[in-house]
$ cat target.cif   # mmCIF, C-alpha atoms (C1' of nucleotides)
data_target
loop_
_atom_site.group_PDB
_atom_site.id
_atom_site.type_symbol
_atom_site.label_atom_id
_atom_site.label_comp_id
_atom_site.auth_asym_id
_atom_site.auth_seq_id
_atom_site.Cartn_x
_atom_site.Cartn_y
_atom_site.Cartn_z
ATOM 1 C CA MET A 1 -2.999 -0.956 3.825
ATOM 2 C CA PRO A 2 -2.687 2.433 2.256
ATOM 3 C CA GLU A 3 -3.361 2.481 -1.467
ATOM 4 C CA LEU A 4 -3.686 5.409 -3.859
ATOM 5 C CA PRO A 5 -6.706 7.089 -2.224
ATOM 6 C CA GLU A 6 -5.209 6.968 1.246
ATOM 7 C CA VAL A 7 -1.902 8.368 0.031
ATOM 8 C CA GLU A 8 -3.615 11.157 -1.908
ATOM 9 C CA VAL A 9 -5.728 12.139 1.085
ATOM 10 C CA LEU A 10 -2.594 12.145 3.210
ATOM 11 C CA ARG A 11 -0.814 14.319 0.638
ATOM 12 C CA CYS A 12 -3.655 16.858 0.708
ATOM 13 C CA ASN A 13 -3.534 16.890 4.488
ATOM 14 C CA LEU A 14 0.225 17.346 4.727
ATOM 15 C CA GLU A 15 0.731 19.925 2.002
ATOM 16 C CA PRO A 16 -0.501 22.995 3.917
ATOM 17 C CA LEU A 17 1.332 21.843 7.042
ATOM 18 C CA LEU A 18 4.691 21.325 5.359
ATOM 19 C CA VAL A 19 5.158 23.688 2.437
ATOM 20 C CA GLY A 20 7.441 26.568 3.377
ATOM 21 C CA LYS A 21 8.891 24.773 6.393
ATOM 22 C CA ARG A 22 12.614 24.331 6.859
ATOM 23 C CA ILE A 23 14.092 20.999 7.920
ATOM 24 C CA SER A 24 16.324 21.457 10.942
ATOM 25 C CA ASP A 25 17.383 17.845 11.327
ATOM 26 C CA PHE A 26 16.579 14.292 10.350
ATOM 27 C CA GLN A 27 16.603 11.451 12.805
ATOM 28 C CA VAL A 28 16.425 7.766 11.881
ATOM 29 C CA LEU A 29 15.261 5.326 14.548
ATOM 30 C CA LYS A 30 14.779 2.349 12.239
ATOM 31 C CA PRO A 31 17.647 2.245 9.758
ATOM 32 C CA ARG A 32 15.782 -0.336 7.731
ATOM 33 C CA VAL A 33 13.384 2.285 6.347
ATOM 34 C CA VAL A 34 16.173 4.289 4.714
ATOM 35 C CA ARG A 35 17.830 1.259 3.083
ATOM 36 C CA PRO A 36 20.014 1.093 1.089
ATOM 37 C CA GLU A 37 21.152 4.539 2.140
ATOM 38 C CA SER A 38 22.618 5.254 5.550
ATOM 39 C CA PRO A 39 20.920 7.482 8.135
ATOM 40 C CA GLN A 40 23.898 9.814 7.832
ATOM 41 C CA GLN A 41 23.456 10.157 4.073
ATOM 42 C CA LEU A 42 19.817 11.090 4.567
ATOM 43 C CA GLU A 43 20.600 13.559 7.330
ATOM 44 C CA ASN A 44 23.283 15.230 5.215
ATOM 45 C CA GLY A 45 20.974 15.307 2.230
ATOM 46 C CA VAL A 46 17.954 16.974 3.786
ATOM 47 C CA ALA A 47 19.098 19.030 6.793
ATOM 48 C CA GLY A 48 18.790 22.732 6.088
ATOM 49 C CA CYS A 49 16.494 22.193 3.095
ATOM 50 C CA SER A 50 13.131 23.845 2.781
ATOM 51 C CA ILE A 51 9.994 22.029 1.669
ATOM 52 C CA LYS A 52 8.619 23.363 -1.618
ATOM 53 C CA GLY A 53 5.833 20.900 -2.242
ATOM 54 C CA VAL A 54 4.318 17.512 -1.514
ATOM 55 C CA GLY A 55 3.805 15.175 -4.469
ATOM 56 C CA ARG A 56 2.418 11.739 -5.154
ATOM 57 C CA LYS A 57 2.492 9.069 -7.821
ATOM 58 C CA GLY A 58 0.772 5.765 -7.252
ATOM 59 C CA LYS A 59 1.322 4.868 -3.618
ATOM 60 C CA PHE A 60 4.545 6.874 -3.419
ATOM 61 C CA LEU A 61 4.662 10.236 -1.731
ATOM 62 C CA TRP A 62 7.496 12.761 -1.876
ATOM 63 C CA LEU A 63 8.610 16.073 -0.484
ATOM 64 C CA ASP A 64 10.079 18.561 -2.953
ATOM 65 C CA LEU A 65 13.162 19.875 -1.217
ATOM 66 C CA ALA A 66 15.561 22.700 -2.016
ATOM 67 C CA LYS A 67 18.864 23.546 -0.384
ATOM 68 C CA ALA A 68 19.210 27.036 1.054
ATOM 69 C CA ARG A 69 19.616 29.671 -1.703
ATOM 70 C CA SER A 70 19.042 27.062 -4.389
ATOM 71 C CA ARG A 71 16.227 26.929 -6.928
ATOM 72 C CA THR A 72 16.653 23.308 -7.908
ATOM 73 C CA THR A 73 14.465 20.841 -6.100
ATOM 74 C CA PHE A 74 14.842 17.142 -5.482
ATOM 75 C CA HIS A 75 12.649 14.434 -3.995
ATOM 76 C CA LEU A 76 12.626 12.866 -0.589
ATOM 77 C CA THR A 77 10.534 9.837 -1.452
ATOM 78 C CA ILE A 78 8.319 8.122 1.102
ATOM 79 C CA HIS A 79 6.394 4.870 0.848
ATOM 80 C CA LEU A 80 4.079 3.899 3.683
ATOM 81 C CA GLY A 81 4.433 0.190 3.028
ATOM 82 C CA MET A 82 1.796 -1.797 4.875
ATOM 83 C CA THR A 83 1.591 -0.006 8.175
ATOM 84 C CA GLY A 84 3.246 3.379 7.703
ATOM 85 C CA ARG A 85 1.808 6.600 9.049
ATOM 86 C CA LEU A 86 2.999 10.131 8.494
ATOM 87 C CA PHE A 87 1.895 13.068 10.601
ATOM 88 C CA VAL A 88 2.934 16.371 12.112
ATOM 89 C CA GLN A 89 3.163 16.807 15.872
ATOM 90 C CA ASP A 90 4.586 19.301 18.371
ATOM 91 C CA SER A 91 8.288 18.792 18.968
ATOM 92 C CA GLY A 92 7.651 18.539 22.693
ATOM 93 C CA ASP A 93 5.206 15.655 22.385
ATOM 94 C CA PRO A 94 6.460 12.121 23.054
ATOM 95 C CA LEU A 95 7.359 10.054 20.017
ATOM 96 C CA PRO A 96 4.983 7.130 19.521
ATOM 97 C CA GLY A 97 6.166 3.542 19.528
ATOM 98 C CA HIS A 98 7.580 2.227 16.245
ATOM 99 C CA THR A 99 8.701 5.663 15.127
ATOM 100 C CA ALA A 100 10.984 5.022 12.182
ATOM 101 C CA ALA A 101 12.153 8.507 11.231
ATOM 102 C CA VAL A 102 11.613 12.103 12.295
ATOM 103 C CA LEU A 103 12.010 15.314 10.300
ATOM 104 C CA GLY A 104 12.590 18.245 12.622
ATOM 105 C CA LEU A 105 10.702 21.393 11.562
ATOM 106 C CA GLY A 106 11.438 23.741 14.439
ATOM 107 C CA ARG A 107 8.453 23.773 16.810
ATOM 108 C CA LYS A 108 6.873 20.937 14.867
ATOM 109 C CA ARG A 109 8.132 17.702 13.471
ATOM 110 C CA LEU A 110 7.078 15.242 10.814
ATOM 111 C CA VAL A 111 6.905 11.727 12.235
ATOM 112 C CA PHE A 112 7.088 8.573 10.148
ATOM 113 C CA ARG A 113 5.810 5.669 12.189
ATOM 114 C CA ASP A 114 5.913 2.147 10.813
ATOM 115 C CA PRO A 115 5.460 -0.929 13.044
ATOM 116 C CA ARG A 116 6.238 -3.450 10.318
ATOM 117 C CA SER A 117 9.063 -1.494 8.728
ATOM 118 C CA PHE A 118 7.862 -2.229 5.209
ATOM 119 C CA GLY A 119 7.906 1.469 4.409
ATOM 120 C CA ARG A 120 10.765 3.522 3.035
ATOM 121 C CA VAL A 121 12.215 7.021 3.132
ATOM 122 C CA THR A 122 14.825 7.636 0.480
ATOM 123 C CA LEU A 123 16.625 10.140 -1.719
ATOM 124 C CA GLU A 124 17.010 7.709 -4.584
ATOM 125 C CA THR A 125 14.399 7.920 -7.316
ATOM 126 C CA ASP A 126 14.681 4.509 -8.981
ATOM 127 C CA SER A 127 11.419 3.292 -7.504
ATOM 128 C CA LEU A 128 9.600 6.392 -8.719
ATOM 129 C CA ASP A 129 11.141 6.209 -12.184
ATOM 130 C CA GLN A 130 9.889 2.680 -12.662
ATOM 131 C CA LEU A 131 6.270 3.489 -11.914
ATOM 132 C CA GLY A 132 3.683 3.305 -14.675
ATOM 133 C CA VAL A 133 0.917 5.830 -15.224
ATOM 134 C CA ASP A 134 -0.813 7.030 -12.081
ATOM 135 C CA ALA A 135 -4.343 5.645 -11.966
ATOM 136 C CA LEU A 136 -5.848 9.029 -11.099
ATOM 137 C CA SER A 137 -3.854 11.163 -13.523
ATOM 138 C CA ASP A 138 -5.219 12.564 -16.773
ATOM 139 C CA GLU A 139 -2.815 10.355 -18.715
ATOM 140 C CA PHE A 140 -4.553 7.246 -17.518
ATOM 141 C CA LEU A 141 -6.825 6.754 -20.539
ATOM 142 C CA VAL A 142 -8.608 3.632 -21.743
ATOM 143 C CA GLU A 143 -5.808 3.182 -24.293
ATOM 144 C CA ARG A 144 -3.213 3.134 -21.545
ATOM 145 C CA LEU A 145 -5.113 0.448 -19.707
ATOM 146 C CA ARG A 146 -5.527 -1.550 -22.897
ATOM 147 C CA ASP A 147 -1.772 -1.327 -23.559
ATOM 148 C CA ALA A 148 -0.971 -2.344 -19.993
ATOM 149 C CA LEU A 149 -3.112 -5.440 -20.361
ATOM 150 C CA ALA A 150 -1.921 -6.383 -23.838
ATOM 151 C CA ILE A 151 0.629 -9.066 -24.783
ATOM 152 C CA THR A 152 0.957 -10.664 -21.355
ATOM 153 C CA GLY A 153 -0.548 -13.976 -20.403
ATOM 154 C CA GLN A 154 -0.813 -12.922 -16.773
ATOM 155 C CA ALA A 155 -4.123 -12.875 -14.979
ATOM 156 C CA VAL A 156 -5.717 -9.448 -15.128
ATOM 157 C CA LYS A 157 -5.626 -9.077 -11.344
ATOM 158 C CA VAL A 158 -1.910 -9.769 -11.153
ATOM 159 C CA ARG A 159 -1.260 -7.360 -14.012
ATOM 160 C CA LEU A 160 -3.266 -4.545 -12.439
ATOM 161 C CA MET A 161 -1.207 -4.800 -9.288
ATOM 162 C CA ASP A 162 2.077 -4.438 -11.162
ATOM 163 C CA GLN A 163 3.040 -0.837 -10.393
ATOM 164 C CA ARG A 164 5.292 -0.626 -13.461
ATOM 165 C CA HIS A 165 2.219 -0.513 -15.670
ATOM 166 C CA ILE A 166 -0.436 1.231 -13.608
ATOM 167 C CA ALA A 167 0.508 2.831 -10.317
ATOM 168 C CA GLY A 168 -1.773 3.009 -7.329
ATOM 169 C CA LEU A 169 -3.874 -0.130 -7.187
ATOM 170 C CA GLY A 170 -3.255 -2.537 -4.331
ATOM 171 C CA ASN A 171 -4.901 -5.783 -3.390
ATOM 172 C CA ILE A 172 -8.017 -4.198 -1.903
ATOM 173 C CA TYR A 173 -9.004 -1.837 -4.688
ATOM 174 C CA VAL A 174 -8.090 -4.340 -7.391
ATOM 175 C CA CYS A 175 -10.630 -6.753 -5.934
ATOM 176 C CA GLU A 176 -13.181 -3.957 -5.730
ATOM 177 C CA VAL A 177 -12.792 -2.623 -9.263
ATOM 178 C CA LEU A 178 -12.804 -6.101 -10.821
ATOM 179 C CA HIS A 179 -16.077 -6.824 -9.084
ATOM 180 C CA LEU A 180 -17.554 -3.479 -10.116
ATOM 181 C CA ALA A 181 -16.551 -4.096 -13.751
ATOM 182 C CA ARG A 182 -17.746 -7.721 -13.583
ATOM 183 C CA VAL A 183 -14.355 -9.032 -14.669
ATOM 184 C CA SER A 184 -12.930 -12.325 -13.437
ATOM 185 C CA PRO A 185 -9.624 -11.802 -11.609
ATOM 186 C CA PHE A 186 -8.336 -14.939 -13.365
ATOM 187 C CA GLU A 187 -9.027 -13.694 -16.887
ATOM 188 C CA ALA A 188 -5.893 -13.559 -19.034
ATOM 189 C CA ALA A 189 -5.167 -9.836 -19.246
ATOM 190 C CA SER A 190 -4.654 -9.826 -22.999
ATOM 191 C CA LYS A 191 -7.901 -11.714 -23.608
ATOM 192 C CA LEU A 192 -10.084 -9.022 -22.098
ATOM 193 C CA PRO A 193 -12.479 -7.623 -24.737
ATOM 194 C CA LEU A 194 -12.432 -3.861 -25.272
ATOM 195 C CA GLY A 195 -15.842 -3.466 -23.689
ATOM 196 C CA LYS A 196 -14.538 -4.971 -20.470
ATOM 197 C CA VAL A 197 -11.385 -2.875 -20.625
ATOM 198 C CA LYS A 198 -13.574 0.222 -20.797
ATOM 199 C CA ALA A 199 -15.713 -0.975 -17.900
ATOM 200 C CA LEU A 200 -12.584 -1.662 -15.882
ATOM 201 C CA HIS A 201 -11.146 1.760 -16.663
ATOM 202 C CA GLN A 202 -14.388 3.393 -15.576
ATOM 203 C CA ALA A 203 -14.473 1.323 -12.392
ATOM 204 C CA ILE A 204 -10.890 2.224 -11.489
ATOM 205 C CA ARG A 205 -11.407 5.945 -11.999
ATOM 206 C CA ASN A 206 -14.757 6.090 -10.234
ATOM 207 C CA THR A 207 -13.713 3.978 -7.275
ATOM 208 C CA LEU A 208 -10.478 5.820 -6.587
ATOM 209 C CA GLN A 209 -11.986 9.256 -7.152
ATOM 210 C CA LYS A 210 -14.921 8.525 -4.890
ATOM 211 C CA GLN A 211 -12.676 7.216 -2.152
ATOM 212 C CA VAL A 212 -10.427 10.285 -2.294
ATOM 213 C CA GLU A 213 -13.462 12.575 -2.042
ATOM 214 C CA LEU A 214 -14.763 10.595 0.908
ATOM 215 C CA GLY A 215 -11.409 10.682 2.649
ATOM 216 C CA LEU A 216 -11.139 14.440 2.219
ATOM 217 C CA LYS A 217 -14.549 14.930 3.829
ATOM 218 C CA LEU A 218 -13.801 12.844 6.912
ATOM 219 C CA LYS A 219 -11.827 13.886 9.936
ATOM 220 C CA LEU A 220 -9.115 11.268 10.044
ATOM 221 C CA ASP A 221 -6.693 10.104 12.674
ATOM 222 C CA PHE A 222 -3.407 10.307 10.782
ATOM 223 C CA ALA A 223 -1.314 9.736 13.885
ATOM 224 C CA GLY A 224 -2.965 6.367 14.332
ATOM 225 C CA GLU A 225 -3.279 6.417 18.079
ATOM 226 C CA GLY A 226 -6.960 5.584 17.741
ATOM 227 C CA LYS A 227 -8.298 2.377 16.265
ATOM 228 C CA SER A 228 -9.137 2.239 12.603
ATOM 229 C CA ASP A 229 -12.903 1.917 12.329
ATOM 230 C CA GLY A 230 -12.671 0.005 9.097
ATOM 231 C CA LEU A 231 -13.889 2.840 6.911
ATOM 232 C CA PHE A 232 -10.545 4.287 5.954
ATOM 233 C CA TYR A 233 -7.005 3.100 6.528
ATOM 234 C CA PHE A 234 -6.276 5.949 8.914
ATOM 235 C CA GLY A 235 -9.447 5.544 10.939
ATOM 236 C CA SER A 236 -11.664 8.368 12.177
ATOM 237 C CA ALA A 237 -10.465 11.068 14.483
ATOM 238 C CA SER A 238 -11.942 10.821 17.961
ATOM 239 C CA THR A 239 -13.924 14.008 17.295
ATOM 240 C CA GLN A 240 -15.946 12.234 14.665
ATOM 241 C CA ALA A 241 -18.582 9.568 15.139
ATOM 242 C CA PRO A 242 -17.420 6.173 13.885
ATOM 243 C CA GLN A 243 -18.556 5.392 10.358
ATOM 244 C CA SER A 244 -20.544 2.338 9.454
ATOM 245 C CA ARG A 245 -18.498 -0.613 8.302
ATOM 246 C CA GLU A 246 -20.094 -0.474 4.838
ATOM 247 C CA ARG A 247 -16.893 -0.145 2.927
ATOM 248 C CA PHE A 248 -15.883 -2.889 0.560
ATOM 249 C CA ARG A 249 -18.011 -4.842 -1.854
ATOM 250 C CA VAL A 250 -15.987 -8.047 -1.850
ATOM 251 C CA TYR A 251 -12.633 -7.544 -0.133
ATOM 252 C CA GLY A 252 -12.449 -9.411 3.158
ATOM 253 C CA ARG A 253 -16.007 -10.668 2.754
ATOM 254 C CA GLU A 254 -15.504 -14.366 2.093
ATOM 255 C CA GLY A 255 -18.758 -16.254 2.573
ATOM 256 C CA GLU A 256 -20.875 -13.102 2.676
ATOM 257 C CA ALA A 257 -23.488 -12.224 0.071
ATOM 258 C CA CYS A 258 -22.417 -10.452 -3.114
ATOM 259 C CA PRO A 259 -23.953 -6.946 -3.043
ATOM 260 C CA THR A 260 -25.029 -7.377 -6.663
ATOM 261 C CA CYS A 261 -26.486 -10.880 -6.905
ATOM 262 C CA GLY A 262 -26.430 -12.350 -3.412
ATOM 263 C CA SER A 263 -24.158 -15.276 -4.258
ATOM 264 C CA LYS A 264 -21.471 -16.199 -1.769
ATOM 265 C CA ILE A 265 -18.215 -14.316 -2.154
ATOM 266 C CA VAL A 266 -15.229 -16.611 -2.606
ATOM 267 C CA ARG A 267 -11.631 -16.206 -1.522
ATOM 268 C CA ALA A 268 -8.880 -17.571 -3.749
ATOM 269 C CA GLU A 269 -5.140 -17.031 -3.959
ATOM 270 C CA GLN A 270 -3.118 -15.403 -6.738
ATOM 271 C CA SER A 271 0.611 -14.755 -6.447
ATOM 272 C CA LYS A 272 0.350 -15.501 -2.736
ATOM 273 C CA ARG A 273 -2.245 -12.726 -2.310
ATOM 274 C CA GLY A 274 -5.853 -13.160 -1.327
ATOM 275 C CA THR A 275 -8.376 -12.573 -4.104
ATOM 276 C CA PHE A 276 -12.021 -11.941 -3.208
ATOM 277 C CA PHE A 277 -14.611 -12.212 -5.947
ATOM 278 C CA CYS A 278 -18.156 -13.244 -6.839
ATOM 279 C CA PRO A 279 -18.064 -16.379 -9.026
ATOM 280 C CA GLN A 280 -21.497 -15.479 -10.379
ATOM 281 C CA CYS A 281 -20.875 -11.859 -11.408
ATOM 282 C CA GLN A 282 -17.254 -12.278 -12.389
ATOM 283 C CA GLN A 283 -17.142 -15.088 -14.909
ATOM 284 C CA ARG A 284 -14.415 -15.622 -17.447
ATOM 285 C CA GLU A 285 -15.148 -14.805 -21.065
ATOM 286 C "C1'" DA B 1 13.590 -9.849 -20.289
ATOM 287 C "C1'" DG B 2 9.516 -10.965 -18.270
ATOM 288 C "C1'" DG B 3 7.488 -13.507 -14.787
ATOM 289 C "C1'" DA B 4 7.282 -16.358 -10.559
ATOM 290 C "C1'" DG B 5 8.380 -16.959 -5.921
ATOM 291 C "C1'" DG B 6 10.730 -15.926 -1.495
ATOM 292 C "C1'" DC B 7 11.679 -12.580 1.959
ATOM 293 C "C1'" DC B 8 11.092 -8.919 5.176
ATOM 294 C "C1'" DC B 9 8.194 -7.637 9.675
ATOM 295 C "C1'" DT B 10 4.911 -7.538 13.710
ATOM 296 C "C1'" DG B 11 -0.032 -6.967 15.225
ATOM 297 C "C1'" DT B 12 -4.006 -9.688 15.199
ATOM 298 C "C1'" DC B 13 -6.709 -13.667 15.341
ATOM 299 C "C1'" DG B 14 -8.115 -18.424 15.714
ATOM 300 C "C1'" DG B 15 -7.387 -22.808 17.787
ATOM 301 C "C1'" DC B 16 -6.052 -25.799 21.357
ATOM 302 C "C1'" DT C 1 -7.316 -17.795 30.153
ATOM 303 C "C1'" DG C 2 -3.088 -17.996 27.834
ATOM 304 C "C1'" DC C 3 -0.006 -19.385 24.634
ATOM 305 C "C1'" DC C 4 1.475 -20.097 19.999
ATOM 306 C "C1'" DG C 5 1.386 -20.643 15.181
ATOM 307 C "C1'" DA C 6 -0.628 -18.893 11.014
ATOM 308 C "C1'" DC C 7 -1.764 -15.042 8.446
ATOM 309 C "C1'" DA C 8 -1.786 -10.435 6.310
ATOM 310 C "C1'" DG C 9 0.775 -8.218 2.004
ATOM 311 C "C1'" DG C 10 3.647 -3.791 -0.235
ATOM 312 C "C1'" DG C 11 8.027 -3.758 -2.766
ATOM 313 C "C1'" DC C 12 12.257 -5.656 -3.825
ATOM 314 C "C1'" DC C 13 15.478 -9.178 -4.849
ATOM 315 C "C1'" DT C 14 16.945 -13.447 -7.005
ATOM 316 C "C1'" DC C 15 16.446 -17.050 -10.050
ATOM 317 C "C1'" DC C 16 14.704 -19.275 -14.114
#
$ encode --input "target.cif" --output "structure tokens"
Amino acid sequence: MPELPEVEVLRCNLEPLLVGKRISDFQVLKPRVVRPESPQQLENGVAGCSIKGVGRKGKFLWLDLAKARSRTTFHLTIHLGMTGRLFVQDSGDPLPGHTAAVLGLGRKRLVFRDPRSFGRVTLETDSLDQLGVDALSDEFLVERLRDALAITGQAVKVRLMDQRHIAGLGNIYVCEVLHLARVSPFEAASKLPLGKVKALHQAIRNTLQKQVELGLKLKLDFAGEGKSDGLFYFGSASTQAPQSRERFRVYGREGEACPTCGSKIVRAEQSKRGTFFCPQCQQRE
DNA sequence: AGGAGGCCCTGTCGGC
DNA sequence: TGCCGACAGGGCCTCC
């Protein structure tokens, strides 16, 4: 599942391929991904536009578009959902299975492939407007985290995953940063002492930053024809040797030894999502 | 209004 | 071996 680091790495990869290109046409194969707009609305909205930039906030990605002879730009917002992939290919190449939408760029095209159709491509900006501070941006300070965790009685893990407060953390990285900061996922968010808030802030920044740097170094298979090798959502390109599976500290490791203390990692459930944690390292206050 | 829970969707995996 | 049900979980919607 792509979270902030994966989306940022994808953004960096796409930017040089897309900026300056003109959109010749827009084709929707899975109307669900453009909901609630119609394929026709999207086509009318973007055809003939040129791409001025590629942006990101949280797990949302967007293309800055401008109509011909216009200086004003607007967003074509894209969310990868659970299984979305976005990549550039030659226009002559066959479209892969589960292609949801295609942006024609002359000799090339931008393909959005999404087997589970949880992703979205849209011109509306409501989803973007409702996002909280991006977890990698300079505005994400300790104070912002403290404010996001204040007042509510929600468990800290549930709160961290609420994109309206902090944007970018999904189930995987939330488990990872809570373990790194030695915070119980069940701790009431507002009860977290300042020291732990600081540790959590540090863990979030370090973990996401490190993962982005790693992703930028690797040769990745954005098209997703190859198998993910478990290291990164996109998987390695075939030209690169598979990476070791040493990736997550606790996520998906139920029953395995905690990398810090050796205790068995436990899986629990919060808001219908799996939570992986070490009951020894991550005790409630 | 904030929070909880259901729904969407299909590849993968475990069990029989 | 093969089939089938359970599971995974982003965001979004509805209800309380």
$ interface_residues --input "target.cif" --of "chain A" --to "chain C" --cutoff "7 Å" --atoms "only C-alpha atoms (C1' of nucleotides)" --output "ChimeraX atom specification"
/A:81-82,273
$ interface_residues --input "target.cif" --of "chain A" --to "chain B" --cutoff "9 Å" --atoms "only C-alpha atoms (C1' of nucleotides)" --output "ChimeraX atom specification"
/A:115-118,154,271-272
$ atom_distance --input "target.cif" --atom1 "atom CA of A:Leu18" --atom2 "atom CA of A:Leu76"
13.0 Å
$ resolve_selection --input "target.cif" --expression "the PyMOL selection byres ((chain A and resi 86) around 9)" --output "list in words"
Leu10, Leu14, Leu80, Gly84, Arg85, Phe87, Val88, Leu110, Val111, Phe112, Arg113, Asp114, Phe222 and Ala223 of chain A
$ resolve_selection --input "target.cif" --expression "the PyMOL selection byres ((chain A and resi 138-147) around 8)" --output "PDB file with C-alpha atoms, keeping the file's coordinate frame"
ATOM      1  CA  VAL A 133       0.917   5.830 -15.224  1.00  0.00           C
ATOM      2  CA  ASP A 134      -0.813   7.030 -12.081  1.00  0.00           C
ATOM      3  CA  ALA A 135      -4.343   5.645 -11.966  1.00  0.00           C
ATOM      4  CA  LEU A 136      -5.848   9.029 -11.099  1.00  0.00           C
ATOM      5  CA  SER A 137      -3.854  11.163 -13.523  1.00  0.00           C
ATOM      6  CA  ALA A 148      -0.971  -2.344 -19.993  1.00  0.00           C
ATOM      7  CA  LEU A 149      -3.112  -5.440 -20.361  1.00  0.00           C
ATOM      8  CA  ALA A 150      -1.921  -6.383 -23.838  1.00  0.00           C
ATOM      9  CA  ILE A 166      -0.436   1.231 -13.608  1.00  0.00           C
ATOM     10  CA  LEU A 194     -12.432  -3.861 -25.272  1.00  0.00           C
ATOM     11  CA  VAL A 197     -11.385  -2.875 -20.625  1.00  0.00           C
ATOM     12  CA  LYS A 198     -13.574   0.222 -20.797  1.00  0.00           C
ATOM     13  CA  HIS A 201     -11.146   1.760 -16.663  1.00  0.00           C
TER      14      HIS A 201
END
$ atom_distance --input "target.cif" --atom1 "atom CA of A:Met1" --atom2 "atom CA of A:Arg159"
19.0 Å
$ atom_distance --input "target.cif" --atom1 "atom CA of A:Cys278" --atom2 "atom CA of A:His179"
7.1 Å
$ residues_around --input "target.cif" --residues "A:Arg109" --least-positions-apart "6" --cutoff "12 Å" --atoms "only C-alpha atoms (C1' of nucleotides)" --output "number ranges by chain"
A: 14, 17-18, 21-27, 86-95, 101-103
$ resolve_selection --input "target.cif" --expression "the PyMOL selection byres ((chain A and resi 219) around 8)" --output "MDAnalysis selection string"
chainID A and resid 215:218 220:221 236:237 239:240
$ axis_aligned_box --input "target.cif" --around "stretch 119-138 of chain A" --padding-each-side "3 Å" --output "AutoDock Vina command-line options"
--center_x 5.6 --center_y 7.0 --center_z -6.2 --size_x 28.9 --size_y 17.1 --size_z 27.2
$ closest_residue --input "target.cif" --among "A:Arg247, A:Arg120, A:Lys264, A:Arg182" --to "A:Arg32" --atoms "all atoms listed in the file"
A:Arg120
$ residues_around --input "target.cif" --residues "A:Thr73" --least-positions-apart "6" --cutoff "9 Å" --atoms "only C-alpha atoms (C1' of nucleotides)" --output "PyMOL selection string"
chain A and resi 52+64-67
